[in-house]
Amino acid sequence: MLPVLDLADADTAQFRAALLAATHEAGFFYLTGHGVPQRQIDDLLAVARRFFALPQEAKQEISQLRSPQFRGYSRLGGELTNGAVDWREQMDIGPERPVIPGAEGYRRLQGPNLWPSALPEFRAALQDWDATLAAVGRRLLGHWAVALGAEEDLFDAAFADRPATLIKVVRYPGNVENPQGVGAHKDSGVLTLLLVEPESQGLQVEIEPDRWLDVPPLPGAFIVNIGELLEVATNGYLRATRHRVIAPEPGTDRISIPYFLNPGLDARIPIVDLPPELAAHARGVEADPDNPIFDNYGANAWKSRTRAHPDVAELHHGIAPKGPAAAY
């Protein structure tokens with residue numbers, strides 16, 4: 001089982017030591033004591049269920065194919081990981097901002113969201129969720145900074161100018177023919193706070209090469225993992241861990257809402273000056289020619305989005321696939 005960490009732990013030093021150990025060794029942990037009201041959690045899962053219950057035409061009204069920013073609804077089978085089809089439908093939501101005039105490349109990720117007209121309460125629920133989880137994530141970053149031997153505000157500058165958070169609202173239905181809910185991948189940002197429905201199954205973490213650990217939900221807890229940018233920031237002392245989702249049993253489904261805490265598109269993650277006792281165990285940033293990792297968040301995000309959604313990339317950005325897509 002993954003480590004369980006309590007953000008409300010009165011012993012701050014003990015919490016930071018546990019945080020460092022969990023993310024050096026596993027890259028994943030359960031987080032309790034986060035202060036997010038259970039009613040807000042229940043309401044969000046309920047509104048997600050109502051969204052996916054809408055008629056298909058109401059969801060297709062906000063198809064991601066209408067968004068150069070890769071926002072909106074992706075139908076079943078509309079996303080790839082490692083070149084293979086992920087069997088899930090989802091909504092992608094980012095910060096509500098105007099398009100950058102004349103933007104090129106990753107700066108084109110900034111822009112408006114697409115919201116379902118048939119479910120007006122969806123927008124308010126997700127915007128409230130964004131504000132709530134941003135506060136939790138920033139608290140965690142402060143603890144990481146101190147645990148790594150730096151000042152508590154080490155990461156603040158990267159988040160000072162228009163952080164590019166991302167929320168996915170995902171439904172995994174059962175499928176006999178395709179067991180891949182989402183293929184093995186690492187997250188491209190800083191950290192992820194994952195909410196899954198009670199008693200659901202399917203998330204697996206690769207704790208050792210080709211050794212996968214089932215990660216069921218823990219009541220009242222988020223599942224937290226670090227992304228590639230924290231691996232960069234710590235020269236691999238913290239290692240982003242591959243994970244995947246196995247499709248549920250046929251006739252069942254599963255709701256999952258990952259919240260990706262990311263800095264601004266132009267931000268470069270600061271490199272931590274690790275104390276000698278930690279630097280001695282830094283493994284370096286993983287070198288994978290199929291999945292280069294950038295210290296600039298926008299470049300890392302652009303890599304991920306264009307690979308995961310090649311139809312949107314080609315339609316809006318003229319980017320034709322050059323081969324199998326790598327992990328997003």
# chains A, B, ... in the order shown; residues from 1 in each chain; ligands from 1
$ residues_around --residues "range 164-179 of chain A" --least-positions-apart "3" --cutoff "6 Å" --atoms "only C-alpha atoms" --output "list in words"
Arg88, Glu89, Gln90, Met91, Asp92, Ile93, Gly94, Ile246, Ala247, Pro248, Glu249, Pro250, Gly251, Thr252, Asp253, Arg254, Ile255, Ser256, Ile257, Pro258, Tyr259, Phe260, Leu261, Asn262, Pro263 and Gly264 of chain A
$ write_last_selection --atoms "C-alpha atoms" --output "mmCIF file, in the first residue's frame"
data_model
loop_
_atom_site.group_PDB
_atom_site.id
_atom_site.type_symbol
_atom_site.label_atom_id
_atom_site.label_comp_id
_atom_site.auth_asym_id
_atom_site.auth_seq_id
_atom_site.Cartn_x
_atom_site.Cartn_y
_atom_site.Cartn_z
ATOM 1 C CA ARG A 88 -12.408 6.808 -21.572
ATOM 2 C CA GLU A 89 -14.484 9.912 -22.194
ATOM 3 C CA GLN A 90 -13.528 13.173 -20.514
ATOM 4 C CA MET A 91 -13.698 16.923 -20.138
ATOM 5 C CA ASP A 92 -10.551 19.079 -20.068
ATOM 6 C CA ILE A 93 -10.733 22.389 -18.209
ATOM 7 C CA GLY A 94 -8.028 25.024 -17.775
ATOM 8 C CA ILE A 246 -7.157 -0.613 -16.242
ATOM 9 C CA ALA A 247 -10.700 -0.394 -17.598
ATOM 10 C CA PRO A 248 -13.329 -1.588 -15.094
ATOM 11 C CA GLU A 249 -15.418 -4.716 -15.497
ATOM 12 C CA PRO A 250 -17.897 -4.698 -18.404
ATOM 13 C CA GLY A 251 -21.209 -3.220 -17.329
ATOM 14 C CA THR A 252 -19.564 -0.915 -14.759
ATOM 15 C CA ASP A 253 -17.811 2.425 -14.945
ATOM 16 C CA ARG A 254 -15.595 4.701 -12.870
ATOM 17 C CA ILE A 255 -15.345 8.473 -12.383
ATOM 18 C CA SER A 256 -11.916 10.031 -11.840
ATOM 19 C CA ILE A 257 -11.050 13.728 -11.482
ATOM 20 C CA PRO A 258 -7.322 14.502 -11.614
ATOM 21 C CA TYR A 259 -6.187 18.040 -10.810
ATOM 22 C CA PHE A 260 -2.825 18.975 -12.320
ATOM 23 C CA LEU A 261 -1.045 21.823 -10.512
ATOM 24 C CA ASN A 262 1.157 23.516 -13.083
ATOM 25 C CA PRO A 263 3.079 26.811 -13.213
ATOM 26 C CA GLY A 264 2.752 29.435 -15.953
#
$ select_by_dssp --residues "range 167-315 of chain A" --states "strand (DSSP E or B)" --output "ChimeraX atom specification"
/A:167-173,180-185,191-196,203-208,211-214,222-226,243-246,253-261,264,268,296
$ residues_around --residues "Ile293 in chain A" --least-positions-apart "2" --cutoff "12 Å" --atoms "only C-alpha atoms" --output "MDAnalysis selection string"
chainID A and resid 186:189 227:233 235:236 240 269 284:291 295:304 326:328
$ write_last_selection --atoms "N, CA and C atoms" --output "short mmCIF file (atom, residue, chain, number, x, y, z; two decimals), in the first residue's frame"
data_model
loop_
_atom_site.label_atom_id
_atom_site.label_comp_id
_atom_site.auth_asym_id
_atom_site.auth_seq_id
_atom_site.Cartn_x
_atom_site.Cartn_y
_atom_site.Cartn_z
N LYS A 186 3.70 9.26 -17.47
CA LYS A 186 4.02 10.18 -16.38
C LYS A 186 3.26 11.48 -16.61
N ASP A 187 3.02 12.22 -15.56
CA ASP A 187 2.35 13.52 -15.70
C ASP A 187 3.39 14.59 -16.01
N SER A 188 3.02 15.54 -16.86
CA SER A 188 4.00 16.48 -17.40
C SER A 188 4.22 17.72 -16.55
N GLY A 189 3.40 17.92 -15.49
CA GLY A 189 3.51 19.13 -14.70
C GLY A 189 4.28 18.95 -13.41
N GLY A 227 4.92 15.18 -10.80
CA GLY A 227 5.06 15.18 -12.24
C GLY A 227 6.50 15.36 -12.66
N GLU A 228 6.71 15.42 -13.97
CA GLU A 228 8.06 15.47 -14.52
C GLU A 228 8.84 16.71 -14.09
N LEU A 229 8.15 17.82 -13.82
CA LEU A 229 8.88 19.04 -13.47
C LEU A 229 9.54 18.94 -12.09
N LEU A 230 8.95 18.20 -11.16
CA LEU A 230 9.63 18.01 -9.87
C LEU A 230 10.82 17.06 -10.02
N GLU A 231 10.74 16.16 -10.97
CA GLU A 231 11.91 15.34 -11.28
C GLU A 231 13.05 16.22 -11.79
N VAL A 232 12.72 17.16 -12.70
CA VAL A 232 13.72 18.09 -13.22
C VAL A 232 14.28 18.95 -12.09
N ALA A 233 13.39 19.48 -11.24
CA ALA A 233 13.81 20.41 -10.19
C ALA A 233 14.78 19.78 -9.20
N ASN A 235 16.82 17.02 -9.96
CA ASN A 235 17.80 16.17 -10.64
C ASN A 235 17.51 14.69 -10.41
N GLY A 236 16.22 14.37 -10.36
CA GLY A 236 15.83 12.98 -10.22
C GLY A 236 15.80 12.45 -8.80
N ALA A 240 9.29 11.15 -11.09
CA ALA A 240 7.92 10.96 -11.56
C ALA A 240 7.74 9.48 -11.92
N ILE A 269 10.90 25.76 -14.11
CA ILE A 269 10.90 25.27 -12.73
C ILE A 269 12.29 25.51 -12.13
N GLY A 284 19.32 11.68 -11.40
CA GLY A 284 19.31 12.35 -12.70
C GLY A 284 17.93 12.26 -13.34
N VAL A 285 17.67 13.16 -14.27
CA VAL A 285 16.40 13.14 -14.98
C VAL A 285 16.41 11.98 -15.97
N GLU A 286 15.35 11.22 -15.97
CA GLU A 286 15.29 10.03 -16.82
C GLU A 286 15.44 10.43 -18.29
N ALA A 287 16.34 9.77 -18.98
CA ALA A 287 16.58 10.05 -20.39
C ALA A 287 15.81 9.06 -21.24
N ASP A 288 14.78 9.55 -21.92
CA ASP A 288 13.96 8.72 -22.78
C ASP A 288 13.79 9.47 -24.10
N PRO A 289 14.43 9.01 -25.18
CA PRO A 289 14.35 9.74 -26.44
C PRO A 289 12.93 9.88 -26.97
N ASP A 290 12.03 8.99 -26.56
CA ASP A 290 10.63 9.08 -26.99
C ASP A 290 9.82 10.02 -26.12
N ASN A 291 10.38 10.45 -25.00
CA ASN A 291 9.64 11.34 -24.10
C ASN A 291 10.60 12.34 -23.46
N ASP A 295 12.39 21.70 -18.84
CA ASP A 295 12.21 22.43 -17.59
C ASP A 295 11.20 23.56 -17.73
N ASN A 296 10.84 23.88 -18.96
CA ASN A 296 9.82 24.88 -19.24
C ASN A 296 8.46 24.19 -19.31
N TYR A 297 7.51 24.64 -18.47
CA TYR A 297 6.24 23.91 -18.41
C TYR A 297 5.50 23.92 -19.73
N GLY A 298 5.45 25.06 -20.41
CA GLY A 298 4.71 25.12 -21.66
C GLY A 298 5.19 24.12 -22.68
N ALA A 299 6.51 23.98 -22.82
CA ALA A 299 7.08 23.02 -23.77
C ALA A 299 6.70 21.60 -23.38
N ASN A 300 6.72 21.31 -22.09
CA ASN A 300 6.37 19.97 -21.63
C ASN A 300 4.89 19.68 -21.87
N ALA A 301 4.04 20.68 -21.61
CA ALA A 301 2.61 20.52 -21.81
C ALA A 301 2.27 20.37 -23.30
N TRP A 302 2.93 21.16 -24.15
CA TRP A 302 2.68 21.11 -25.59
C TRP A 302 3.03 19.72 -26.14
N LYS A 303 4.15 19.19 -25.70
CA LYS A 303 4.55 17.84 -26.07
C LYS A 303 3.43 16.85 -25.73
N SER A 304 2.89 16.98 -24.54
CA SER A 304 1.90 16.03 -24.06
C SER A 304 0.58 16.15 -24.80
N ALA A 326 4.01 9.15 -27.91
CA ALA A 326 4.61 8.74 -26.65
C ALA A 326 3.71 9.14 -25.50
N ALA A 327 4.13 8.81 -24.29
CA ALA A 327 3.30 9.10 -23.12
C ALA A 327 3.03 10.58 -23.01
N TYR A 328 1.81 10.90 -22.67
CA TYR A 328 1.45 12.32 -22.60
C TYR A 328 1.69 12.87 -21.22
#
$ residues_around --residues "Pro216 in chain A" --least-positions-apart "5" --cutoff "9 Å" --atoms "only C-alpha atoms" --output "ChimeraX atom specification"
/A:196,198-204
$ write_last_selection --atoms "all heavy atoms" --output "PDB file, in the first residue's frame"
ATOM      1  N   VAL A 196     -10.978   9.975  -6.853  1.00  0.00           N
ATOM      2  CA  VAL A 196     -11.673   8.873  -7.522  1.00  0.00           C
ATOM      3  C   VAL A 196     -12.889   8.476  -6.690  1.00  0.00           C
ATOM      4  O   VAL A 196     -12.929   8.681  -5.473  1.00  0.00           O
ATOM      5  CB  VAL A 196     -10.756   7.647  -7.742  1.00  0.00           C
ATOM      6  CG1 VAL A 196      -9.668   7.978  -8.736  1.00  0.00           C
ATOM      7  CG2 VAL A 196     -10.138   7.161  -6.436  1.00  0.00           C
ATOM      8  N   PRO A 198     -15.490   6.407  -4.510  1.00  0.00           N
ATOM      9  CA  PRO A 198     -15.299   5.357  -3.504  1.00  0.00           C
ATOM     10  C   PRO A 198     -15.483   3.971  -4.113  1.00  0.00           C
ATOM     11  O   PRO A 198     -16.343   3.758  -4.972  1.00  0.00           O
ATOM     12  CB  PRO A 198     -16.383   5.668  -2.468  1.00  0.00           C
ATOM     13  CG  PRO A 198     -16.689   7.118  -2.637  1.00  0.00           C
ATOM     14  CD  PRO A 198     -16.510   7.399  -4.101  1.00  0.00           C
ATOM     15  N   GLU A 199     -14.646   3.041  -3.652  1.00  0.00           N
ATOM     16  CA  GLU A 199     -14.731   1.622  -4.000  1.00  0.00           C
ATOM     17  C   GLU A 199     -14.433   1.327  -5.468  1.00  0.00           C
ATOM     18  O   GLU A 199     -14.653   0.214  -5.941  1.00  0.00           O
ATOM     19  CB  GLU A 199     -16.105   1.044  -3.617  1.00  0.00           C
ATOM     20  CG  GLU A 199     -16.405   1.166  -2.123  1.00  0.00           C
ATOM     21  CD  GLU A 199     -17.744   0.564  -1.749  1.00  0.00           C
ATOM     22  OE1 GLU A 199     -18.374  -0.089  -2.605  1.00  0.00           O
ATOM     23  OE2 GLU A 199     -18.169   0.748  -0.591  1.00  0.00           O
ATOM     24  N   SER A 200     -13.920   2.314  -6.202  1.00  0.00           N
ATOM     25  CA  SER A 200     -13.569   2.044  -7.597  1.00  0.00           C
ATOM     26  C   SER A 200     -12.179   1.429  -7.676  1.00  0.00           C
ATOM     27  O   SER A 200     -11.385   1.515  -6.739  1.00  0.00           O
ATOM     28  CB  SER A 200     -13.633   3.333  -8.415  1.00  0.00           C
ATOM     29  OG  SER A 200     -12.746   4.304  -7.892  1.00  0.00           O
ATOM     30  N   GLN A 201     -11.897   0.794  -8.785  1.00  0.00           N
ATOM     31  CA  GLN A 201     -10.617   0.122  -8.985  1.00  0.00           C
ATOM     32  C   GLN A 201     -10.065   0.459 -10.354  1.00  0.00           C
ATOM     33  O   GLN A 201     -10.772   0.971 -11.209  1.00  0.00           O
ATOM     34  CB  GLN A 201     -10.789  -1.396  -8.855  1.00  0.00           C
ATOM     35  CG  GLN A 201     -11.266  -1.857  -7.489  1.00  0.00           C
ATOM     36  CD  GLN A 201     -11.447  -3.366  -7.419  1.00  0.00           C
ATOM     37  OE1 GLN A 201     -11.404  -4.050  -8.445  1.00  0.00           O
ATOM     38  NE2 GLN A 201     -11.643  -3.892  -6.222  1.00  0.00           N
ATOM     39  N   GLY A 202      -8.798   0.182 -10.560  1.00  0.00           N
ATOM     40  CA  GLY A 202      -8.207   0.325 -11.877  1.00  0.00           C
ATOM     41  C   GLY A 202      -6.881   1.045 -11.909  1.00  0.00           C
ATOM     42  O   GLY A 202      -6.042   0.775 -12.773  1.00  0.00           O
ATOM     43  N   LEU A 203      -6.647   2.006 -10.992  1.00  0.00           N
ATOM     44  CA  LEU A 203      -5.371   2.726 -10.990  1.00  0.00           C
ATOM     45  C   LEU A 203      -4.249   1.808 -10.539  1.00  0.00           C
ATOM     46  O   LEU A 203      -4.367   1.103  -9.538  1.00  0.00           O
ATOM     47  CB  LEU A 203      -5.456   3.939 -10.072  1.00  0.00           C
ATOM     48  CG  LEU A 203      -4.154   4.741  -9.889  1.00  0.00           C
ATOM     49  CD1 LEU A 203      -3.696   5.342 -11.214  1.00  0.00           C
ATOM     50  CD2 LEU A 203      -4.324   5.826  -8.829  1.00  0.00           C
ATOM     51  N   GLN A 204      -3.140   1.833 -11.290  1.00  0.00           N
ATOM     52  CA  GLN A 204      -1.955   1.056 -10.938  1.00  0.00           C
ATOM     53  C   GLN A 204      -0.714   1.929 -11.074  1.00  0.00           C
ATOM     54  O   GLN A 204      -0.611   2.743 -11.995  1.00  0.00           O
ATOM     55  CB  GLN A 204      -1.820  -0.175 -11.842  1.00  0.00           C
ATOM     56  CG  GLN A 204      -2.942  -1.188 -11.673  1.00  0.00           C
ATOM     57  CD  GLN A 204      -2.723  -2.419 -12.545  1.00  0.00           C
ATOM     58  OE1 GLN A 204      -2.128  -2.342 -13.618  1.00  0.00           O
ATOM     59  NE2 GLN A 204      -3.204  -3.567 -12.089  1.00  0.00           N
TER      60      GLN A 204
END
$ closest_residue --among "A:Glu61, A:Asp6, A:Asp273, A:Glu151" --to "Gly35 in chain A" --atoms "only C-alpha atoms"
A:Asp6
$ select_by_dssp --residues "range 113-215 of chain A" --states "alpha helix (DSSP H)" --output "PyMOL selection string"
chain A and resi 121-147
$ write_last_selection --atoms "N, CA, C and O atoms" --output "CSV table (one decimal), in the first residue's frame"
chain,number,residue,atom,x,y,z
A,121,GLU,N,-24.5,24.3,-13.9
A,121,GLU,CA,-23.9,24.2,-12.6
A,121,GLU,C,-22.5,23.6,-12.7
A,121,GLU,O,-21.7,23.6,-11.8
A,122,PHE,N,-22.2,22.9,-13.8
A,122,PHE,CA,-20.9,22.3,-14.0
A,122,PHE,C,-19.8,23.3,-13.9
A,122,PHE,O,-18.7,23.0,-13.3
A,123,ARG,N,-19.9,24.4,-14.6
A,123,ARG,CA,-18.8,25.4,-14.6
A,123,ARG,C,-18.5,25.9,-13.2
A,123,ARG,O,-17.3,26.0,-12.8
A,124,ALA,N,-19.5,26.3,-12.4
A,124,ALA,CA,-19.2,26.8,-11.1
A,124,ALA,C,-18.6,25.8,-10.2
A,124,ALA,O,-17.6,26.1,-9.4
A,125,ALA,N,-19.0,24.5,-10.3
A,125,ALA,CA,-18.4,23.4,-9.5
A,125,ALA,C,-16.9,23.3,-9.8
A,125,ALA,O,-16.1,23.1,-8.9
A,126,LEU,N,-16.6,23.3,-11.1
A,126,LEU,CA,-15.2,23.1,-11.4
A,126,LEU,C,-14.3,24.3,-11.1
A,126,LEU,O,-13.1,24.1,-10.8
A,127,GLN,N,-14.8,25.5,-11.2
A,127,GLN,CA,-14.0,26.6,-10.9
A,127,GLN,C,-13.8,26.7,-9.4
A,127,GLN,O,-12.7,27.1,-8.9
A,128,ASP,N,-14.8,26.3,-8.6
A,128,ASP,CA,-14.6,26.2,-7.1
A,128,ASP,C,-13.5,25.2,-6.8
A,128,ASP,O,-12.7,25.4,-5.9
A,129,TRP,N,-13.6,24.1,-7.5
A,129,TRP,CA,-12.6,23.0,-7.3
A,129,TRP,C,-11.2,23.4,-7.6
A,129,TRP,O,-10.2,23.1,-6.9
A,130,ASP,N,-11.1,24.2,-8.7
A,130,ASP,CA,-9.7,24.7,-9.0
A,130,ASP,C,-9.2,25.6,-7.9
A,130,ASP,O,-8.0,25.4,-7.5
A,131,ALA,N,-10.0,26.5,-7.4
A,131,ALA,CA,-9.5,27.3,-6.3
A,131,ALA,C,-9.1,26.5,-5.0
A,131,ALA,O,-8.1,26.8,-4.4
A,132,THR,N,-9.9,25.6,-4.7
A,132,THR,CA,-9.7,24.8,-3.5
A,132,THR,C,-8.5,23.9,-3.6
A,132,THR,O,-7.6,23.9,-2.7
A,133,LEU,N,-8.3,23.2,-4.7
A,133,LEU,CA,-7.1,22.3,-4.8
A,133,LEU,C,-5.8,23.1,-5.1
A,133,LEU,O,-4.8,22.6,-4.8
A,134,ALA,N,-5.9,24.3,-5.7
A,134,ALA,CA,-4.7,25.1,-5.9
A,134,ALA,C,-4.1,25.4,-4.5
A,134,ALA,O,-2.9,25.3,-4.4
A,135,ALA,N,-4.9,25.7,-3.6
A,135,ALA,CA,-4.4,26.0,-2.2
A,135,ALA,C,-3.8,24.8,-1.6
A,135,ALA,O,-2.7,24.9,-0.9
A,136,VAL,N,-4.4,23.6,-1.8
A,136,VAL,CA,-3.8,22.4,-1.2
A,136,VAL,C,-2.4,22.1,-1.8
A,136,VAL,O,-1.4,21.8,-1.2
A,137,GLY,N,-2.4,22.2,-3.2
A,137,GLY,CA,-1.1,22.0,-3.9
A,137,GLY,C,0.0,22.9,-3.5
A,137,GLY,O,1.1,22.5,-3.4
A,138,ARG,N,-0.4,24.2,-3.4
A,138,ARG,CA,0.7,25.2,-3.0
A,138,ARG,C,1.2,24.9,-1.6
A,138,ARG,O,2.4,25.1,-1.4
A,139,ARG,N,0.4,24.5,-0.7
A,139,ARG,CA,0.9,24.1,0.6
A,139,ARG,C,1.9,23.0,0.5
A,139,ARG,O,2.9,23.0,1.2
A,140,LEU,N,1.5,22.0,-0.3
A,140,LEU,CA,2.5,20.9,-0.4
A,140,LEU,C,3.8,21.3,-1.0
A,140,LEU,O,4.9,20.8,-0.6
A,141,LEU,N,3.8,22.2,-2.0
A,141,LEU,CA,5.0,22.7,-2.6
A,141,LEU,C,5.9,23.4,-1.6
A,141,LEU,O,7.1,23.2,-1.6
A,142,GLY,N,5.3,24.1,-0.7
A,142,GLY,CA,6.1,24.8,0.4
A,142,GLY,C,6.7,23.7,1.3
A,142,GLY,O,7.9,23.9,1.7
A,143,HIS,N,6.0,22.7,1.6
A,143,HIS,CA,6.6,21.6,2.4
A,143,HIS,C,7.7,20.9,1.7
A,143,HIS,O,8.8,20.6,2.3
A,144,TRP,N,7.5,20.6,0.4
A,144,TRP,CA,8.6,20.0,-0.4
A,144,TRP,C,9.9,20.9,-0.4
A,144,TRP,O,11.0,20.4,-0.2
A,145,ALA,N,9.7,22.2,-0.6
A,145,ALA,CA,10.8,23.1,-0.7
A,145,ALA,C,11.7,23.0,0.6
A,145,ALA,O,12.9,22.8,0.5
A,146,VAL,N,11.1,23.1,1.7
A,146,VAL,CA,11.8,23.0,3.0
A,146,VAL,C,12.4,21.6,3.2
A,146,VAL,O,13.6,21.5,3.6
A,147,ALA,N,11.7,20.6,2.9
A,147,ALA,CA,12.2,19.2,3.0
A,147,ALA,C,13.4,19.0,2.1
A,147,ALA,O,14.3,18.2,2.5
$ closest_atom_pairs --of "range 48-81 of chain A" --to "range 98-106 of chain A" --cutoff "12 Å" --atoms "only C-alpha atoms" --output "JSON lines"
{"residue": "A:Ser67", "atom": "CA", "partner": "A:Val99", "partner_atom": "CA", "distance": 11.2}
{"residue": "A:Pro68", "atom": "CA", "partner": "A:Val99", "partner_atom": "CA", "distance": 9.8}
{"residue": "A:Gln69", "atom": "CA", "partner": "A:Val99", "partner_atom": "CA", "distance": 8.9}
{"residue": "A:Phe70", "atom": "CA", "partner": "A:Tyr106", "partner_atom": "CA", "distance": 11.2}
$ write_last_selection --atoms "C-alpha atoms" --output "PDB file, in the first residue's frame"
ATOM      1  CA  SER A  67     -10.825  24.118 -29.242  1.00  0.00           C
ATOM      2  CA  PRO A  68      -7.263  25.013 -30.309  1.00  0.00           C
ATOM      3  CA  GLN A  69      -6.520  24.988 -26.547  1.00  0.00           C
ATOM      4  CA  PHE A  70      -7.345  21.267 -26.246  1.00  0.00           C
TER       5      PHE A  70
END
$ closest_residue --among "A:Val224, A:Leu114, A:Val215, A:Ala157" --to "Leu19 in chain A" --atoms "only C-alpha atoms"
A:Val224
$ closest_residue --among "A:Asp214, A:Glu25, A:Glu152, A:Asp86" --to "Val272 in chain A" --atoms "only C-alpha atoms"
A:Glu152
$ residues_around --residues "Glu79 in chain A" --least-positions-apart "3" --cutoff "10 Å" --atoms "only C-alpha atoms" --output "PDB file with N, CA, C and O atoms, in the first residue's frame"
ATOM      1  N   SER A  74     -13.832  15.027 -24.911  1.00  0.00           N
ATOM      2  CA  SER A  74     -13.254  14.005 -25.782  1.00  0.00           C
ATOM      3  C   SER A  74     -14.114  12.755 -25.693  1.00  0.00           C
ATOM      4  O   SER A  74     -14.349  12.236 -24.592  1.00  0.00           O
ATOM      5  N   ARG A  75     -14.556  12.285 -26.822  1.00  0.00           N
ATOM      6  CA  ARG A  75     -15.414  11.092 -26.872  1.00  0.00           C
ATOM      7  C   ARG A  75     -14.621   9.855 -26.463  1.00  0.00           C
ATOM      8  O   ARG A  75     -13.384   9.880 -26.361  1.00  0.00           O
ATOM      9  N   LEU A  76     -15.339   8.753 -26.263  1.00  0.00           N
ATOM     10  CA  LEU A  76     -14.688   7.476 -26.021  1.00  0.00           C
ATOM     11  C   LEU A  76     -13.731   7.154 -27.163  1.00  0.00           C
ATOM     12  O   LEU A  76     -14.086   7.262 -28.342  1.00  0.00           O
ATOM     13  N   GLY A  83       0.560   5.766 -28.352  1.00  0.00           N
ATOM     14  CA  GLY A  83       0.036   5.396 -29.654  1.00  0.00           C
ATOM     15  C   GLY A  83      -1.176   4.487 -29.611  1.00  0.00           C
ATOM     16  O   GLY A  83      -1.722   4.143 -30.654  1.00  0.00           O
ATOM     17  N   ALA A  84      -1.617   4.077 -28.414  1.00  0.00           N
ATOM     18  CA  ALA A  84      -2.766   3.180 -28.281  1.00  0.00           C
ATOM     19  C   ALA A  84      -3.970   3.953 -27.751  1.00  0.00           C
ATOM     20  O   ALA A  84      -3.830   4.945 -27.031  1.00  0.00           O
ATOM     21  N   VAL A  85      -5.156   3.472 -28.087  1.00  0.00           N
ATOM     22  CA  VAL A  85      -6.395   4.161 -27.729  1.00  0.00           C
ATOM     23  C   VAL A  85      -6.711   3.973 -26.248  1.00  0.00           C
ATOM     24  O   VAL A  85      -6.711   2.852 -25.730  1.00  0.00           O
ATOM     25  N   ASP A  86      -6.971   5.104 -25.559  1.00  0.00           N
ATOM     26  CA  ASP A  86      -7.457   5.068 -24.183  1.00  0.00           C
ATOM     27  C   ASP A  86      -8.975   4.964 -24.207  1.00  0.00           C
ATOM     28  O   ASP A  86      -9.648   5.727 -24.908  1.00  0.00           O
ATOM     29  N   TRP A  87      -9.513   4.032 -23.428  1.00  0.00           N
ATOM     30  CA  TRP A  87     -10.961   3.839 -23.430  1.00  0.00           C
ATOM     31  C   TRP A  87     -11.578   4.629 -22.273  1.00  0.00           C
ATOM     32  O   TRP A  87     -11.831   4.129 -21.203  1.00  0.00           O
ATOM     33  N   ARG A  88     -11.793   5.925 -22.546  1.00  0.00           N
ATOM     34  CA  ARG A  88     -12.408   6.808 -21.572  1.00  0.00           C
ATOM     35  C   ARG A  88     -12.993   8.011 -22.312  1.00  0.00           C
ATOM     36  O   ARG A  88     -12.561   8.341 -23.418  1.00  0.00           O
ATOM     37  N   GLU A  89     -13.990   8.631 -21.708  1.00  0.00           N
ATOM     38  CA  GLU A  89     -14.484   9.912 -22.194  1.00  0.00           C
ATOM     39  C   GLU A  89     -14.183  10.934 -21.106  1.00  0.00           C
ATOM     40  O   GLU A  89     -14.122  10.594 -19.917  1.00  0.00           O
ATOM     41  N   GLN A  90     -14.009  12.218 -21.502  1.00  0.00           N
ATOM     42  CA  GLN A  90     -13.528  13.173 -20.514  1.00  0.00           C
ATOM     43  C   GLN A  90     -13.784  14.612 -20.930  1.00  0.00           C
ATOM     44  O   GLN A  90     -14.037  14.907 -22.101  1.00  0.00           O
ATOM     45  N   VAL A 182      -6.354   4.140 -19.470  1.00  0.00           N
ATOM     46  CA  VAL A 182      -5.324   5.049 -19.976  1.00  0.00           C
ATOM     47  C   VAL A 182      -3.993   4.310 -19.835  1.00  0.00           C
ATOM     48  O   VAL A 182      -3.748   3.614 -18.849  1.00  0.00           O
ATOM     49  N   ARG A 305       0.104  17.390 -24.951  1.00  0.00           N
ATOM     50  CA  ARG A 305      -1.221  17.591 -25.531  1.00  0.00           C
ATOM     51  C   ARG A 305      -1.253  17.224 -27.010  1.00  0.00           C
ATOM     52  O   ARG A 305      -2.216  16.633 -27.495  1.00  0.00           O
ATOM     53  N   ARG A 307       0.568  15.072 -28.561  1.00  0.00           N
ATOM     54  CA  ARG A 307       0.680  13.625 -28.743  1.00  0.00           C
ATOM     55  C   ARG A 307      -0.600  12.905 -28.349  1.00  0.00           C
ATOM     56  O   ARG A 307      -1.014  11.950 -29.002  1.00  0.00           O
ATOM     57  N   ALA A 308      -1.214  13.360 -27.270  1.00  0.00           N
ATOM     58  CA  ALA A 308      -2.406  12.688 -26.768  1.00  0.00           C
ATOM     59  C   ALA A 308      -3.616  12.927 -27.661  1.00  0.00           C
ATOM     60  O   ALA A 308      -4.503  12.079 -27.752  1.00  0.00           O
ATOM     61  N   HIS A 309      -3.660  14.103 -28.307  1.00  0.00           N
ATOM     62  CA  HIS A 309      -4.815  14.460 -29.136  1.00  0.00           C
ATOM     63  C   HIS A 309      -4.334  14.870 -30.536  1.00  0.00           C
ATOM     64  O   HIS A 309      -4.407  16.041 -30.914  1.00  0.00           O
ATOM     65  N   PRO A 310      -3.847  13.913 -31.321  1.00  0.00           N
ATOM     66  CA  PRO A 310      -3.295  14.255 -32.634  1.00  0.00           C
ATOM     67  C   PRO A 310      -4.328  14.850 -33.586  1.00  0.00           C
ATOM     68  O   PRO A 310      -3.961  15.610 -34.484  1.00  0.00           O
ATOM     69  N   ASP A 311      -5.617  14.522 -33.395  1.00  0.00           N
ATOM     70  CA  ASP A 311      -6.638  15.096 -34.277  1.00  0.00           C
ATOM     71  C   ASP A 311      -6.768  16.596 -34.055  1.00  0.00           C
ATOM     72  O   ASP A 311      -6.848  17.383 -35.007  1.00  0.00           O
ATOM     73  N   TYR A 328       1.813  10.903 -22.670  1.00  0.00           N
ATOM     74  CA  TYR A 328       1.445  12.318 -22.602  1.00  0.00           C
ATOM     75  C   TYR A 328       1.690  12.871 -21.218  1.00  0.00           C
ATOM     76  O   TYR A 328       1.856  12.124 -20.281  1.00  0.00           O
TER      77      TYR A 328
END
